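Enquirer: One file is attached below, final-v2.cif, containing mmCIF, C-alpha atoms (C1' of nucleotides).
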data_my_file
#
loop_
_atom_site.group_PDB
_atom_site.id
_atom_site.type_symbol
_atom_site.label_atom_id
_atom_site.label_comp_id
_atom_site.auth_asym_id
_atom_site.auth_seq_id
_atom_site.Cartn_x
_atom_site.Cartn_y
_atom_site.Cartn_z
ATOM 1 C CA MET J 1 20.494 -176.124 -120.637
ATOM 2 C CA THR J 2 18.329 -174.779 -123.374
ATOM 3 C CA PRO J 3 18.669 -176.464 -126.744
ATOM 4 C CA PRO J 4 21.261 -174.650 -128.892
ATOM 5 C CA SER J 5 19.259 -173.562 -131.903
ATOM 6 C CA ALA J 6 15.891 -173.583 -130.223
ATOM 7 C CA VAL J 7 14.497 -170.074 -130.377
ATOM 8 C CA LYS J 8 15.730 -166.702 -131.477
ATOM 9 C CA PRO J 9 16.115 -164.031 -128.834
ATOM 10 C CA ASP J 10 12.888 -162.669 -127.480
ATOM 11 C CA ILE J 11 12.334 -159.161 -128.747
ATOM 12 C CA SER J 12 10.117 -158.109 -125.934
ATOM 13 C CA VAL J 13 12.757 -158.928 -123.371
ATOM 14 C CA THR J 14 16.070 -158.210 -125.018
ATOM 15 C CA GLU J 15 15.012 -155.031 -126.733
ATOM 16 C CA CYS J 16 13.341 -153.480 -123.774
ATOM 17 C CA ALA J 17 14.966 -150.061 -124.154
ATOM 18 C CA TYR J 18 14.081 -150.062 -127.834
ATOM 19 C CA ARG J 19 10.475 -150.624 -126.935
ATOM 20 C CA ARG J 20 10.519 -147.705 -124.556
ATOM 21 C CA VAL J 21 11.895 -145.521 -127.325
ATOM 22 C CA LEU J 22 9.179 -146.715 -129.657
ATOM 23 C CA GLU J 23 6.640 -145.743 -127.039
ATOM 24 C CA ILE J 24 8.029 -142.216 -127.024
ATOM 25 C CA ILE J 25 7.415 -141.702 -130.709
ATOM 26 C CA SER J 26 4.295 -143.843 -131.021
ATOM 27 C CA ASN J 27 1.773 -141.061 -130.784
ATOM 28 C CA LYS J 28 0.179 -138.605 -133.071
ATOM 29 C CA TRP J 29 2.314 -135.501 -132.545
ATOM 30 C CA THR J 30 5.766 -136.109 -131.045
ATOM 31 C CA VAL J 31 7.685 -136.556 -134.267
ATOM 32 C CA LEU J 32 5.950 -133.623 -135.916
ATOM 33 C CA VAL J 33 6.781 -131.294 -133.045
ATOM 34 C CA ILE J 34 10.426 -132.325 -133.094
ATOM 35 C CA PHE J 35 10.439 -131.758 -136.812
ATOM 36 C CA ALA J 36 8.896 -128.338 -136.361
ATOM 37 C CA LEU J 37 11.841 -127.402 -134.160
ATOM 38 C CA GLU J 38 14.576 -128.663 -136.461
ATOM 39 C CA SER J 39 15.065 -125.252 -138.036
ATOM 40 C CA GLY J 40 15.848 -123.597 -134.730
ATOM 41 C CA THR J 41 14.146 -121.858 -131.873
ATOM 42 C CA ASN J 42 10.421 -121.382 -132.092
ATOM 43 C CA ARG J 43 7.835 -119.734 -129.931
ATOM 44 C CA TYR J 44 4.796 -121.643 -128.796
ATOM 45 C CA GLY J 45 2.484 -119.844 -131.178
ATOM 46 C CA GLU J 46 4.825 -120.361 -134.104
ATOM 47 C CA ILE J 47 4.898 -124.101 -133.580
ATOM 48 C CA ARG J 48 1.171 -124.105 -133.336
ATOM 49 C CA ARG J 49 0.836 -122.343 -136.640
ATOM 50 C CA ARG J 50 3.283 -124.698 -138.315
ATOM 51 C CA ILE J 51 1.279 -127.702 -137.222
ATOM 52 C CA ALA J 52 -2.052 -126.316 -138.166
ATOM 53 C CA ASP J 53 -4.342 -128.945 -136.761
ATOM 54 C CA ILE J 54 -2.764 -129.590 -133.385
ATOM 55 C CA SER J 55 -4.839 -128.623 -130.382
ATOM 56 C CA GLN J 56 -3.482 -126.451 -127.606
ATOM 57 C CA LYS J 57 -3.753 -129.332 -125.204
ATOM 58 C CA MET J 58 -1.776 -131.741 -127.337
ATOM 59 C CA LEU J 59 0.919 -129.227 -128.228
ATOM 60 C CA THR J 60 1.524 -128.370 -124.592
ATOM 61 C CA GLN J 61 1.399 -131.992 -123.542
ATOM 62 C CA THR J 62 3.793 -133.079 -126.283
ATOM 63 C CA LEU J 63 6.234 -130.274 -125.517
ATOM 64 C CA ARG J 64 6.214 -131.170 -121.822
ATOM 65 C CA GLN J 65 6.991 -134.787 -122.585
ATOM 66 C CA LEU J 66 9.777 -133.791 -124.933
ATOM 67 C CA GLU J 67 11.160 -131.498 -122.260
ATOM 68 C CA ARG J 68 11.022 -134.234 -119.655
ATOM 69 C CA ASP J 69 12.766 -136.674 -121.975
ATOM 70 C CA GLY J 70 15.541 -134.160 -122.562
ATOM 71 C CA PHE J 71 14.836 -133.541 -126.240
ATOM 72 C CA VAL J 72 13.607 -129.972 -125.922
ATOM 73 C CA LYS J 73 14.658 -126.957 -123.907
ATOM 74 C CA ARG J 74 12.025 -124.486 -122.759
ATOM 75 C CA ASN J 75 13.003 -120.852 -122.314
ATOM 76 C CA VAL J 76 10.597 -118.467 -120.641
ATOM 77 C CA HIS J 77 10.970 -114.748 -121.150
ATOM 78 C CA PRO J 78 9.035 -113.177 -118.289
ATOM 79 C CA SER J 79 7.600 -110.310 -120.265
ATOM 80 C CA ILE J 80 4.033 -109.179 -120.632
ATOM 81 C CA PRO J 81 2.581 -110.846 -122.502
ATOM 82 C CA PRO J 82 4.774 -113.867 -121.768
ATOM 83 C CA ALA J 83 7.007 -115.271 -124.485
ATOM 84 C CA VAL J 84 8.155 -118.877 -124.395
ATOM 85 C CA GLU J 85 10.690 -120.275 -126.784
ATOM 86 C CA TYR J 86 11.425 -123.916 -127.469
ATOM 87 C CA GLU J 87 14.532 -125.389 -128.996
ATOM 88 C CA LEU J 88 16.027 -128.824 -129.470
ATOM 89 C CA THR J 89 18.744 -129.895 -127.067
ATOM 90 C CA PRO J 90 21.857 -131.647 -128.377
ATOM 91 C CA LEU J 91 20.106 -134.897 -127.504
ATOM 92 C CA GLY J 92 17.070 -133.798 -129.462
ATOM 93 C CA GLU J 93 19.256 -132.923 -132.436
ATOM 94 C CA THR J 94 20.464 -136.511 -132.594
ATOM 95 C CA LEU J 95 16.977 -137.535 -133.642
ATOM 96 C CA ILE J 96 16.824 -135.236 -136.637
ATOM 97 C CA PRO J 97 18.879 -137.385 -139.039
ATOM 98 C CA HIS J 98 16.566 -140.327 -138.436
ATOM 99 C CA MET J 99 13.485 -138.256 -139.060
ATOM 100 C CA ARG J 100 14.942 -136.809 -142.216
ATOM 101 C CA GLN J 101 15.696 -140.301 -143.423
ATOM 102 C CA MET J 102 12.170 -141.438 -142.738
ATOM 103 C CA LYS J 103 10.941 -138.406 -144.617
ATOM 104 C CA GLN J 104 13.163 -139.353 -147.508
ATOM 105 C CA TRP J 105 11.804 -142.878 -147.325
ATOM 106 C CA THR J 106 8.332 -141.423 -147.629
ATOM 107 C CA THR J 107 9.321 -139.559 -150.762
ATOM 108 C CA ASP J 108 10.880 -142.647 -152.258
ATOM 109 C CA TYR J 109 8.404 -145.344 -151.323
ATOM 110 C CA TYR J 110 5.054 -144.087 -150.087
ATOM 111 C CA SER J 111 3.489 -144.367 -153.510
ATOM 112 C CA GLN J 112 4.192 -148.093 -153.326
ATOM 113 C CA VAL J 113 2.233 -148.279 -150.101
ATOM 114 C CA GLU J 114 -0.711 -146.570 -151.729
ATOM 115 C CA GLN J 115 -0.495 -148.955 -154.652
ATOM 116 C CA ALA J 116 -0.310 -151.964 -152.337
ATOM 117 C CA ARG J 117 -3.395 -150.786 -150.501
ATOM 118 C CA ARG J 118 -5.356 -150.390 -153.678
ATOM 119 C CA SER J 119 -4.402 -153.885 -154.796
ATOM 120 C CA TYR J 120 -5.229 -155.379 -151.428
ATOM 121 C CA ASP J 121 -8.543 -153.606 -151.101
ATOM 122 C CA GLU J 122 -9.547 -154.626 -154.573
ATOM 123 C CA ALA J 123 -8.615 -158.250 -153.978
ATOM 124 C CA HIS J 124 -10.472 -158.244 -150.683
ATOM 125 C CA ALA J 125 -13.390 -156.157 -151.915
ATOM 126 C CA PRO J 126 -16.510 -156.616 -149.816
ATOM 127 C CA GLY J 127 -19.606 -156.991 -152.004
ATOM 128 C CA GLN J 128 -18.234 -156.662 -155.524
ATOM 129 C CA THR J 129 -21.648 -157.091 -157.136
ATOM 130 C CA LYS J 130 -23.089 -154.560 -154.764
ATOM 131 C CA MET T 131 -0.455 -111.969 -151.902
ATOM 132 C CA THR T 132 0.993 -113.377 -148.731
ATOM 133 C CA PRO T 133 3.951 -111.562 -147.238
ATOM 134 C CA PRO T 134 7.216 -113.022 -148.553
ATOM 135 C CA SER T 135 8.993 -114.190 -145.406
ATOM 136 C CA ALA T 136 5.896 -114.498 -143.324
ATOM 137 C CA VAL T 137 5.632 -118.078 -142.176
ATOM 138 C CA LYS T 138 7.515 -121.281 -142.703
ATOM 139 C CA PRO T 139 5.784 -124.021 -144.622
ATOM 140 C CA ASP T 140 2.988 -125.711 -142.777
ATOM 141 C CA ILE T 141 4.016 -129.194 -141.780
ATOM 142 C CA SER T 142 0.526 -130.519 -141.574
ATOM 143 C CA VAL T 143 -0.158 -129.606 -145.153
ATOM 144 C CA THR T 144 3.117 -130.003 -147.015
ATOM 145 C CA GLU T 145 4.217 -133.204 -145.322
ATOM 146 C CA CYS T 146 0.962 -134.992 -145.679
ATOM 147 C CA ALA T 147 2.446 -138.256 -146.922
ATOM 148 C CA TYR T 148 4.973 -138.175 -144.106
ATOM 149 C CA ARG T 149 2.149 -137.927 -141.627
ATOM 150 C CA ARG T 150 0.456 -140.918 -143.130
ATOM 151 C CA VAL T 151 3.669 -142.881 -142.780
ATOM 152 C CA LEU T 152 3.963 -141.810 -139.167
ATOM 153 C CA GLU T 153 0.451 -143.081 -138.620
ATOM 154 C CA ILE T 154 1.497 -146.484 -139.911
ATOM 155 C CA ILE T 155 4.200 -146.897 -137.305
ATOM 156 C CA SER T 156 2.485 -145.000 -134.507
ATOM 157 C CA ASN T 157 1.124 -147.980 -132.695
ATOM 158 C CA LYS T 158 2.306 -150.451 -130.190
ATOM 159 C CA TRP T 159 3.311 -153.408 -132.355
ATOM 160 C CA THR T 160 3.984 -152.595 -136.010
ATOM 161 C CA VAL T 161 7.691 -151.867 -135.723
ATOM 162 C CA LEU T 162 8.282 -154.855 -133.481
ATOM 163 C CA VAL T 163 6.569 -157.218 -135.876
ATOM 164 C CA ILE T 164 8.595 -155.908 -138.798
ATOM 165 C CA PHE T 165 11.702 -156.333 -136.733
ATOM 166 C CA ALA T 166 10.725 -159.879 -135.853
ATOM 167 C CA LEU T 167 10.637 -160.654 -139.575
ATOM 168 C CA GLU T 168 13.973 -159.115 -140.457
ATOM 169 C CA SER T 169 15.804 -162.408 -140.093
ATOM 170 C CA GLY T 170 13.667 -164.123 -142.684
ATOM 171 C CA THR T 171 10.493 -166.104 -143.012
ATOM 172 C CA ASN T 172 8.601 -166.882 -139.855
ATOM 173 C CA ARG T 173 5.498 -168.794 -139.015
ATOM 174 C CA TYR T 174 2.699 -167.173 -137.093
ATOM 175 C CA GLY T 175 3.486 -169.037 -133.911
ATOM 176 C CA GLU T 176 7.178 -168.210 -134.150
ATOM 177 C CA ILE T 177 6.491 -164.509 -134.346
ATOM 178 C CA ARG T 178 4.192 -164.807 -131.422
ATOM 179 C CA ARG T 179 6.858 -166.462 -129.352
ATOM 180 C CA ARG T 180 9.434 -163.869 -130.299
ATOM 181 C CA ILE T 181 7.161 -161.081 -129.146
ATOM 182 C CA ALA T 182 6.152 -162.712 -125.942
ATOM 183 C CA ASP T 183 3.507 -160.284 -124.742
ATOM 184 C CA ILE T 184 1.589 -159.671 -127.948
ATOM 185 C CA SER T 185 -1.977 -160.927 -128.008
ATOM 186 C CA GLN T 186 -3.323 -163.077 -130.784
ATOM 187 C CA LYS T 187 -5.662 -160.340 -131.815
ATOM 188 C CA MET T 188 -2.974 -157.696 -132.110
ATOM 189 C CA LEU T 189 -0.526 -159.938 -133.921
ATOM 190 C CA THR T 190 -3.118 -160.889 -136.516
ATOM 191 C CA GLN T 191 -4.324 -157.326 -136.862
ATOM 192 C CA THR T 192 -0.806 -155.959 -137.222
ATOM 193 C CA LEU T 193 0.152 -158.599 -139.772
ATOM 194 C CA ARG T 194 -2.954 -157.847 -141.819
ATOM 195 C CA GLN T 195 -2.171 -154.160 -141.890
ATOM 196 C CA LEU T 196 1.414 -154.844 -142.873
ATOM 197 C CA GLU T 197 0.176 -157.124 -145.616
ATOM 198 C CA ARG T 198 -2.244 -154.510 -146.880
ATOM 199 C CA ASP T 199 0.461 -151.852 -146.906
ATOM 200 C CA GLY T 200 2.699 -154.122 -148.938
ATOM 201 C CA PHE T 201 5.362 -154.650 -146.288
ATOM 202 C CA VAL T 202 4.672 -158.309 -145.609
ATOM 203 C CA LYS T 203 3.854 -161.311 -147.752
ATOM 204 C CA ARG T 204 1.616 -164.014 -146.332
ATOM 205 C CA ASN T 205 2.076 -167.583 -147.540
ATOM 206 C CA VAL T 206 -0.470 -170.210 -146.630
ATOM 207 C CA HIS T 207 0.431 -173.860 -146.815
ATOM 208 C CA PRO T 208 -2.884 -175.686 -146.955
ATOM 209 C CA SER T 209 -1.855 -178.585 -144.789
ATOM 210 C CA ILE T 210 -3.483 -179.974 -141.701
ATOM 211 C CA PRO T 211 -2.870 -178.395 -139.351
ATOM 212 C CA PRO T 212 -2.464 -175.239 -141.443
ATOM 213 C CA ALA T 213 0.917 -173.548 -141.632
ATOM 214 C CA VAL T 214 1.208 -169.852 -142.464
ATOM 215 C CA GLU T 215 4.491 -168.144 -143.119
ATOM 216 C CA TYR T 216 5.181 -164.454 -143.196
ATOM 217 C CA GLU T 217 8.087 -162.675 -144.802
ATOM 218 C CA LEU T 218 9.047 -159.137 -145.631
ATOM 219 C CA THR T 219 8.538 -157.941 -149.176
ATOM 220 C CA PRO T 220 11.241 -155.903 -150.930
ATOM 221 C CA LEU T 221 9.283 -152.835 -149.847
ATOM 222 C CA GLY T 222 9.257 -154.075 -146.283
ATOM 223 C CA GLU T 223 12.994 -154.660 -146.416
ATOM 224 C CA THR T 224 13.539 -150.995 -147.176
ATOM 225 C CA LEU T 225 12.358 -150.203 -143.671
ATOM 226 C CA ILE T 226 14.895 -152.384 -141.927
ATOM 227 C CA PRO T 227 17.861 -149.984 -142.153
ATOM 228 C CA HIS T 228 15.815 -147.259 -140.499
ATOM 229 C CA MET T 229 14.762 -149.532 -137.696
ATOM 230 C CA ARG T 230 18.264 -150.737 -137.147
ATOM 231 C CA GLN T 231 19.418 -147.157 -136.945
ATOM 232 C CA MET T 232 16.789 -146.304 -134.388
ATOM 233 C CA LYS T 233 17.872 -149.346 -132.434
ATOM 234 C CA GLN T 234 21.432 -148.115 -132.566
ATOM 235 C CA TRP T 235 20.229 -144.713 -131.405
ATOM 236 C CA THR T 236 18.630 -146.421 -128.447
ATOM 237 C CA THR T 237 21.896 -148.080 -127.552
ATOM 238 C CA ASP T 238 23.777 -144.820 -127.855
ATOM 239 C CA TYR T 239 21.396 -142.373 -126.241
ATOM 240 C CA TYR T 240 18.597 -143.921 -124.252
ATOM 241 C CA SER T 241 20.503 -143.622 -121.002
ATOM 242 C CA GLN T 242 20.451 -139.861 -121.533
ATOM 243 C CA VAL T 243 16.680 -139.961 -121.756
ATOM 244 C CA GLU T 244 16.491 -141.825 -118.481
ATOM 245 C CA GLN T 245 18.824 -139.305 -116.891
ATOM 246 C CA ALA T 246 16.796 -136.381 -118.238
ATOM 247 C CA ARG T 247 13.633 -137.871 -116.814
ATOM 248 C CA ARG T 248 15.173 -138.300 -113.398
ATOM 249 C CA SER T 249 16.344 -134.693 -113.400
ATOM 250 C CA TYR T 250 12.998 -133.407 -114.592
ATOM 251 C CA ASP T 251 10.997 -135.442 -112.117
ATOM 252 C CA GLU T 252 13.207 -134.375 -109.268
ATOM 253 C CA ALA T 253 12.939 -130.717 -110.198
ATOM 254 C CA HIS T 254 9.176 -130.995 -110.563
ATOM 255 C CA ALA T 255 8.679 -133.275 -107.575
ATOM 256 C CA PRO T 256 5.168 -133.069 -106.177
ATOM 257 C CA GLY T 257 5.263 -133.128 -102.377
ATOM 258 C CA GLN T 258 8.996 -133.151 -101.597
ATOM 259 C CA THR T 259 8.467 -133.115 -97.809
ATOM 260 C CA LYS T 260 5.942 -135.842 -98.157
ATOM 261 C "C1'" DC P 261 0.530 -115.063 -125.391
ATOM 262 C "C1'" DT P 262 0.955 -119.304 -123.120
ATOM 263 C "C1'" DG P 263 -0.881 -121.960 -120.912
ATOM 264 C "C1'" DT P 264 -4.582 -125.158 -117.323
ATOM 265 C "C1'" DA P 265 -8.733 -127.590 -116.246
ATOM 266 C "C1'" DT P 266 -12.633 -130.110 -117.441
ATOM 267 C "C1'" DC P 267 -15.502 -132.898 -119.953
ATOM 268 C "C1'" DC P 268 -16.422 -135.936 -123.525
ATOM 269 C "C1'" DT P 269 -15.552 -138.976 -127.524
ATOM 270 C "C1'" DA P 270 -13.061 -142.154 -130.220
ATOM 271 C "C1'" DT P 271 -9.719 -145.393 -130.624
ATOM 272 C "C1'" DT P 272 -6.647 -148.907 -129.028
ATOM 273 C "C1'" DC P 273 -5.751 -152.795 -126.857
ATOM 274 C "C1'" DG P 274 -6.319 -157.069 -124.055
ATOM 275 C "C1'" DA P 275 -8.975 -161.069 -122.330
ATOM 276 C "C1'" DT P 276 -11.835 -164.581 -123.390
ATOM 277 C "C1'" DA P 277 -14.306 -167.803 -125.993
ATOM 278 C "C1'" DC P 278 -14.927 -170.133 -130.173
ATOM 279 C "C1'" DT P 279 -13.741 -172.231 -135.260
ATOM 280 C "C1'" DG P 280 -11.885 -174.725 -139.542
ATOM 281 C "C1'" DC Z 281 -2.079 -174.136 -135.896
ATOM 282 C "C1'" DA Z 282 -3.875 -169.983 -137.131
ATOM 283 C "C1'" DG Z 283 -7.049 -167.595 -136.852
ATOM 284 C "C1'" DT Z 284 -12.214 -164.805 -135.816
ATOM 285 C "C1'" DA Z 285 -15.682 -162.555 -132.836
ATOM 286 C "C1'" DT Z 286 -17.075 -160.122 -128.995
ATOM 287 C "C1'" DC Z 287 -16.747 -157.451 -124.950
ATOM 288 C "C1'" DG Z 288 -14.958 -154.218 -121.813
ATOM 289 C "C1'" DA Z 289 -11.146 -151.361 -119.827
ATOM 290 C "C1'" DA Z 290 -7.839 -148.094 -120.561
ATOM 291 C "C1'" DT Z 291 -5.910 -144.502 -122.972
ATOM 292 C "C1'" DA Z 292 -5.387 -140.831 -126.293
ATOM 293 C "C1'" DG Z 293 -7.100 -137.047 -128.103
ATOM 294 C "C1'" DG Z 294 -10.376 -132.947 -129.153
ATOM 295 C "C1'" DA Z 295 -13.530 -128.975 -127.751
ATOM 296 C "C1'" DT Z 296 -14.384 -125.634 -124.765
ATOM 297 C "C1'" DA Z 297 -13.867 -122.492 -121.065
ATOM 298 C "C1'" DC Z 298 -10.971 -120.010 -118.204
ATOM 299 C "C1'" DA Z 299 -6.398 -117.800 -116.091
ATOM 300 C "C1'" DG Z 300 -1.798 -115.352 -115.208
#
Just give me the structure as structure tokens.

Expert:
Amino acid sequence: MTPPSAVKPDISVTECAYRRVLEIISNKWTVLVIFALESGTNRYGEIRRRIADISQKMLTQTLRQLERDGFVKRNVHPSIPPAVEYELTPLGETLIPHMRQMKQWTTDYYSQVEQARRSYDEAHAPGQTK
Amino acid sequence: MTPPSAVKPDISVTECAYRRVLEIISNKWTVLVIFALESGTNRYGEIRRRIADISQKMLTQTLRQLERDGFVKRNVHPSIPPAVEYELTPLGETLIPHMRQMKQWTTDYYSQVEQARRSYDEAHAPGQTK
DNA sequence: CTGTATCCTATTCGATACTG
DNA sequence: CAGTATCGAATAGGATACAG
């Protein structure tokens, strides 16, 4: 029916699952929290110290989402005061290689981004004479 | 001064560039637009059709940011009506492998995320009897 | 120590209308 | 065709106070 070489596949339809995955990581803290757990089990307070500027609300919220998505396991030790440990699940571990690669990309290429921004901003400078 | 094995390195400080990179891709459309350009040069309208539910505003805004960051090259053909083509730069191309890998991850593991969510939501069901 | 609850702000995004 | 401008809704996120 449709012409043979008319249009390429629609990303928004065919890659629906991919988009849902992008939604998972498209926020300020998720990737950083996963990264904070790559070295093993961590207590709530330890994670918080590692990510210095995360608020209590966002850390808890991010950990809950990661738990719900099956990336993180939450272990409560019912002591007083309570101790709660978080660790990556096997599923969560599968994300680590990708994050390491993106980190490596940053090391290799981020300076080019900074350079590109400087060039762009200079070329599109607002007042110039001002 | 500080105790030797006191704390692990602070992510928010030491991985500052990494965080800036995460900020680049932490939005609804950036990755999808890059992906739409992986197959080569595309005109504005073509990209828009490939990502069916993106608004004009967000497509333009995303393309401008990608251009500023050096990932995308914008080529204007001053005809009437105007034709504008977008293509990835060499720097932009370096992102494609990572995105393909994340797409492969989606294929391999996203069903586990869905399963984890079902389990979690069932275990934390609100009313149950309701 | 590990959260929850509330309020408030800032940002993101979409819809709509308009332009060269 | 490829934008720009404006407005408003929705969401994300931060500060603070409080609790088991």

Enquirer: Show me, as a PDB file with C-alpha atoms, in the frame of the given file, the residues that have an atom within 7 Å of region 230-240 of chain T when counting only C-alpha atoms (C1' of nucleotides), minus same-chain residues fewer than 4 positions from it.

Expert:
ATOM      1  CA  ALA J  17      14.966-150.061-124.154  1.00  0.00           C
ATOM      2  CA  TYR J  18      14.081-150.062-127.834  1.00  0.00           C
ATOM      3  CA  VAL J  21      11.895-145.521-127.325  1.00  0.00           C
TER       4      VAL J  21
ATOM      5  CA  ILE T 226      14.895-152.384-141.927  1.00  0.00           C
ATOM      6  CA  GLU T 244      16.491-141.825-118.481  1.00  0.00           C
TER       7      GLU T 244
END

Enquirer: Give the residues of chain P that lie within 10 Å of chain J; count all atoms listed in the file, and format the answer as a ChimeraX atom specification.

Expert: /P:261-264

Enquirer: Since we have the selection now, will you write its residues out, keeping C-alpha atoms (C1' of nucleotides), as a PDB file, in the coordinates of the input?

Expert:
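As a result, again_17.pdb now contains:
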ATOM      1  C1'  DC P 261       0.530-115.063-125.391  1.00  0.00           C
ATOM      2  C1'  DT P 262       0.955-119.304-123.120  1.00  0.00           C
ATOM      3  C1'  DG P 263      -0.881-121.960-120.912  1.00  0.00           C
ATOM      4  C1'  DT P 264      -4.582-125.158-117.323  1.00  0.00           C
TER       5       DT P 264
END

Enquirer: So, with only C-alpha atoms as the atoms that count, which of J:Arg118, J:His124, J:Arg50, J:Arg74 lies closest to chain T?

Expert: J:Arg50

Enquirer: Return as a ChimeraX atom specification the residues belonging to chain J that are within 9 Å of chain Z, counting all atoms listed in the file.

Expert: /J:27-28,55,57-58

Enquirer: Could those selected residues go to a file with C-alpha atoms, as a PDB file, keeping the file's coordinate frame?

Expert:
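Wrote selection25.pdb, looks like this:
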ATOM      1  CA  ASN J  27       1.773-141.061-130.784  1.00  0.00           C
ATOM      2  CA  LYS J  28       0.179-138.605-133.071  1.00  0.00           C
ATOM      3  CA  SER J  55      -4.839-128.623-130.382  1.00  0.00           C
ATOM      4  CA  LYS J  57      -3.753-129.332-125.204  1.00  0.00           C
ATOM      5  CA  MET J  58      -1.776-131.741-127.337  1.00  0.00           C
TER       6      MET J  58
END

Enquirer: Write down, as a VMD selection string, each residue of chain J that has any atom within 9 Å of an atom of chain T, counting all atoms listed in the file.

Expert: chain J and resid 7 to 13 15 17 to 23 25 to 28 31 to 32 35 to 36 46 49 to 54 67 to 71 91 94 to 95 98 101 to 107 109 to 110 112 to 121

Enquirer: Put the listed atoms of region 262-273 of chain P in a box along x, y and z with 5 Å added on every side and give me the centre and edge lengths in Å to one decimal, as JSON.

Expert:
{"center_x": -7.7, "center_y": -136.0, "center_z": -123.4, "size_x": 27.4, "size_y": 43.5, "size_z": 24.4}

Enquirer: Can you measure C1' of DG274 (chain P) to CA of Thr160 (chain T) for me? One decimal in Å is fine.

Expert: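 Spanning C1' of DG274 (chain P) to CA of Thr160 (chain T) is a straight-line distance of 16.4 Å.
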
Enquirer: Neighbouring residues of Thr41 (chain J) were defined as those with any atom within 9 Å, considering all atoms listed in the file; residues of the same chain fewer than 4 positions away were excluded. Please report them as a ChimeraX atom specification.

Expert: /J:37,85-88

Enquirer: Include C-alpha atoms and write out the residues we just selected as a short mmCIF file (atom, residue, chain, number, x, y, z; two decimals), keeping the file's coordinate frame.

Expert:
data_model
loop_
_atom_site.label_atom_id
_atom_site.label_comp_id
_atom_site.auth_asym_id
_atom_site.auth_seq_id
_atom_site.Cartn_x
_atom_site.Cartn_y
_atom_site.Cartn_z
CA LEU J 37 11.84 -127.40 -134.16
CA GLU J 85 10.69 -120.28 -126.78
CA TYR J 86 11.42 -123.92 -127.47
CA GLU J 87 14.53 -125.39 -129.00
CA LEU J 88 16.03 -128.82 -129.47
#

Enquirer: One decimal, in Å: what's the spacing between C1' of DA275 (chain P) and CA of Leu193 (chain T)?

Expert: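 Going from C1' of DA275 (chain P) over to CA of Leu193 (chain T), I get 19.8 Å.
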
Enquirer: Record the distance separating CA of Val202 (chain T) and CA of Thr219 (chain T), expressed in Å with one decimal.

Expert: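 Calculated distance between CA of Val202 (chain T) and CA of Thr219 (chain T) is 5.3 Å.
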